[in-house]
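Structure data follow from coords31.cif (mmCIF, C-alpha atoms):
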```cif
data_data
#
loop_
_atom_site.group_PDB
_atom_site.id
_atom_site.type_symbol
_atom_site.label_atom_id
_atom_site.label_comp_id
_atom_site.auth_asym_id
_atom_site.auth_seq_id
_atom_site.Cartn_x
_atom_site.Cartn_y
_atom_site.Cartn_z
ATOM 1 C CA MET A 607 27.548 4.828 24.599
ATOM 2 C CA THR A 608 25.468 5.672 27.656
ATOM 3 C CA GLY A 609 24.186 8.818 25.953
ATOM 4 C CA PHE A 610 23.116 6.822 22.877
ATOM 5 C CA LEU A 611 21.272 4.268 25.006
ATOM 6 C CA LEU A 612 19.532 6.996 26.996
ATOM 7 C CA ARG A 613 18.479 8.691 23.790
ATOM 8 C CA ALA A 614 17.208 5.340 22.472
ATOM 9 C CA VAL A 615 15.105 4.942 25.621
ATOM 10 C CA ILE A 616 13.761 8.475 25.171
ATOM 11 C CA ALA A 617 13.009 7.712 21.511
ATOM 12 C CA ALA A 618 11.253 4.500 22.584
ATOM 13 C CA PHE A 619 9.148 6.500 25.042
ATOM 14 C CA GLY A 620 8.276 9.042 22.323
ATOM 15 C CA LEU A 621 7.460 6.245 19.904
ATOM 16 C CA TRP A 622 5.255 4.588 22.505
ATOM 17 C CA LEU A 623 3.453 7.895 23.146
ATOM 18 C CA ALA A 624 2.988 8.377 19.415
ATOM 19 C CA SER A 625 1.572 4.873 18.979
ATOM 20 C CA THR A 626 -0.830 5.548 21.845
ATOM 21 C CA TRP A 627 -1.944 9.030 20.782
ATOM 22 C CA VAL A 628 -1.824 8.889 16.964
ATOM 23 C CA GLU A 629 -4.232 6.718 15.012
ATOM 24 C CA GLY A 630 -2.533 4.749 12.256
ATOM 25 C CA ILE A 631 0.602 3.753 14.154
ATOM 26 C CA THR A 632 0.838 0.212 15.463
ATOM 27 C CA LEU A 633 3.605 -1.575 17.294
ATOM 28 C CA ARG A 634 3.175 -5.316 17.694
ATOM 29 C CA ASP A 635 4.948 -5.740 21.039
ATOM 30 C CA PRO A 636 7.482 -4.089 23.372
ATOM 31 C CA MET A 637 10.423 -5.769 21.600
ATOM 32 C CA THR A 638 9.305 -4.220 18.311
ATOM 33 C CA LEU A 639 9.173 -0.864 20.095
ATOM 34 C CA LEU A 640 12.749 -1.207 21.377
ATOM 35 C CA ILE A 641 14.147 -2.431 18.052
ATOM 36 C CA SER A 642 12.324 0.371 16.214
ATOM 37 C CA ALA A 643 13.720 2.977 18.614
ATOM 38 C CA LEU A 644 17.266 1.665 18.194
ATOM 39 C CA LEU A 645 16.953 1.613 14.415
ATOM 40 C CA LEU A 646 15.430 5.099 14.480
ATOM 41 C CA GLY A 647 18.493 6.280 16.388
ATOM 42 C CA ILE A 648 20.802 4.694 13.823
ATOM 43 C CA VAL A 649 18.814 6.096 10.889
ATOM 44 C CA ASN A 650 18.812 9.548 12.513
ATOM 45 C CA ALA A 651 22.581 9.322 12.966
ATOM 46 C CA PHE A 652 23.453 8.263 9.406
ATOM 47 C CA VAL A 653 20.601 8.846 6.926
ATOM 48 C CA ARG A 654 18.952 11.965 8.376
ATOM 49 C CA PRO A 655 22.038 14.222 8.041
ATOM 50 C CA ILE A 656 22.190 13.418 4.331
ATOM 51 C CA ALA A 657 18.474 14.167 3.954
ATOM 52 C CA VAL A 658 18.878 17.416 5.882
ATOM 53 C CA VAL A 659 21.710 18.578 3.606
ATOM 54 C CA LEU A 660 19.778 17.642 0.457
ATOM 55 C CA THR A 661 16.660 19.480 1.629
ATOM 56 C CA PHE A 662 18.480 22.519 3.011
ATOM 57 C CA PRO A 663 16.996 25.060 0.546
ATOM 58 C CA ILE A 664 13.382 24.100 1.284
ATOM 59 C CA THR A 665 14.184 23.924 4.990
ATOM 60 C CA MET A 666 15.447 27.505 4.864
ATOM 61 C CA VAL A 667 12.369 28.705 2.969
ATOM 62 C CA THR A 668 10.043 27.053 5.506
ATOM 63 C CA LEU A 669 12.112 28.352 8.450
ATOM 64 C CA GLY A 670 12.987 24.829 9.555
ATOM 65 C CA LEU A 671 9.493 23.372 9.542
ATOM 66 C CA PHE A 672 10.403 21.037 6.679
ATOM 67 C CA LEU A 673 12.582 19.134 9.160
ATOM 68 C CA LEU A 674 9.350 17.646 10.516
ATOM 69 C CA VAL A 675 8.737 16.199 7.050
ATOM 70 C CA VAL A 676 12.281 14.787 7.060
ATOM 71 C CA ASN A 677 11.652 13.270 10.502
ATOM 72 C CA ALA A 678 8.391 11.746 9.255
ATOM 73 C CA GLY A 679 10.321 10.243 6.349
ATOM 74 C CA MET A 680 12.816 8.681 8.758
ATOM 75 C CA LEU A 681 9.927 7.136 10.701
ATOM 76 C CA LEU A 682 8.379 5.785 7.509
ATOM 77 C CA LEU A 683 11.753 4.297 6.542
ATOM 78 C CA VAL A 684 12.065 2.514 9.891
ATOM 79 C CA ALA A 685 8.467 1.269 9.604
ATOM 80 C CA LYS A 686 9.270 -0.232 6.194
ATOM 81 C CA ILE A 687 12.268 -2.095 7.626
ATOM 82 C CA ILE A 688 10.865 -3.405 10.942
ATOM 83 C CA PRO A 689 8.085 -6.010 10.738
ATOM 84 C CA GLY A 690 5.383 -5.320 13.303
ATOM 85 C CA PHE A 691 5.837 -1.540 13.137
ATOM 86 C CA ASP A 692 3.237 -0.076 10.797
ATOM 87 C CA ILE A 693 2.396 3.504 9.883
ATOM 88 C CA ALA A 694 -0.778 4.101 7.870
ATOM 89 C CA GLY A 695 0.545 7.063 5.877
ATOM 90 C CA PHE A 696 2.281 10.397 5.868
ATOM 91 C CA TRP A 697 0.080 12.285 8.357
ATOM 92 C CA PRO A 698 0.324 9.694 11.145
ATOM 93 C CA ALA A 699 4.105 9.696 10.573
ATOM 94 C CA PHE A 700 4.141 13.508 10.659
ATOM 95 C CA TRP A 701 2.264 13.742 13.977
ATOM 96 C CA ALA A 702 4.376 10.927 15.418
ATOM 97 C CA ALA A 703 7.486 12.874 14.380
ATOM 98 C CA VAL A 704 6.142 15.924 16.229
ATOM 99 C CA ILE A 705 5.560 13.875 19.395
ATOM 100 C CA ILE A 706 8.948 12.141 19.169
ATOM 101 C CA SER A 707 10.674 15.489 18.567
ATOM 102 C CA ILE A 708 9.053 17.046 21.626
ATOM 103 C CA THR A 709 9.977 14.094 23.853
ATOM 104 C CA GLY A 710 13.495 14.197 22.391
ATOM 105 C CA TRP A 711 13.847 17.891 23.205
ATOM 106 C CA ILE A 712 12.660 17.333 26.742
ATOM 107 C CA GLY A 713 14.942 14.318 27.114
ATOM 108 C CA SER A 714 17.940 16.208 25.762
ATOM 109 C CA TRP A 715 17.251 19.021 28.178
ATOM 110 C CA LEU A 716 17.141 16.533 31.054
ATOM 111 C CA ILE A 717 20.191 14.437 30.206
ATOM 112 C CA GLY A 718 22.363 17.099 28.566
ATOM 113 C CA SER A 719 24.707 16.667 25.621
ATOM 114 C CA LYS A 720 26.849 13.948 27.210
ATOM 115 C CA GLY A 721 24.168 12.082 29.122
ATOM 116 C CA LEU A 722 22.747 12.727 32.587
ATOM 117 C CA ASP A 723 24.610 16.050 32.927
ATOM 118 C CA ARG A 724 21.732 17.818 34.634
ATOM 119 C CA LEU A 725 20.903 14.941 36.963
ATOM 120 C CA THR A 726 24.451 14.226 38.161
ATOM 121 C CA GLY A 727 25.606 17.858 38.338
ATOM 122 C CA ARG A 728 28.696 17.386 36.125
#
```
Target encoding structure tokens, full file:
Amino acid sequence: MTGFLLRAVIAAFGLWLASTWVEGITLRDPMTLLISALLLGIVNAFVRPIAVVLTFPITMVTLGLFLLVVNAGMLLLVAKIIPGFDIAGFWPAFWAAVIISITGWIGSWLIGSKGLDRLTGR
């Protein structure tokens, strides 16, 4: 549970960075940011694996780059569900997915697979 919450905080940070750096992404308030990050974590845990399996052939042809399109689709899905979280189109969602992916990679490197592995020395 701690690992999920840490990843949600990292996703919230990435989402905040994306809303700051990418035109076309708006978050109404900090609560919308937190709810969107939690829902993004849930969507990535349940819906994204199905999308990844269904798009496996095109992902292989594009050497994995199509996963950024899948991630953008997950962001667009969350934006459709959460009021106050708006994305102007595909390209803002795509660049936001890039930013969120990079912050997620960095966060995963810092906290490890089980959460805070690198910081606690376990």
(request) For segment 672-689 of chain A, list every protein, DNA or RNA residue within 10 Å, evaluated using only C-alpha atoms, and leave out those in the same chain fewer than 6 positions away; present the list as a count of residues only. (result) 40
(request) Report the distance between atom CA of Phe619 of chain A and atom CA of Gly670 of chain A in Å, rounded to one decimal place. (result) 24.3 Å
Specify the axis-aligned box that encloses all atoms of segment 613-630 of chain A listed in the file after padding of 6 Å on each side, stating its centre and edge lengths in Å to one decimal as AutoDock Vina command-line options.
```
--center_x 7.1 --center_y 6.8 --center_z 18.9 --size_x 34.7 --size_y 16.5 --size_z 25.4
```
(message) To one decimal place in Å, what is the distance between atom CA of Ala694 of chain A and atom CA of Gly630 of chain A?
(response)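 One can read the atom CA of Ala694 of chain A to atom CA of Gly630 of chain A distance as 4.8 Å.
As for atom CA of Met637 of chain A and atom CA of Gly713 of chain A, they are spaced 21.3 Å apart.
Here the question is which of A:Ile656, A:Ile717, A:Leu669, A:Glu629 gets nearest to Leu611 of chain A using all atoms listed in the file, and that residue is A:Ile717.
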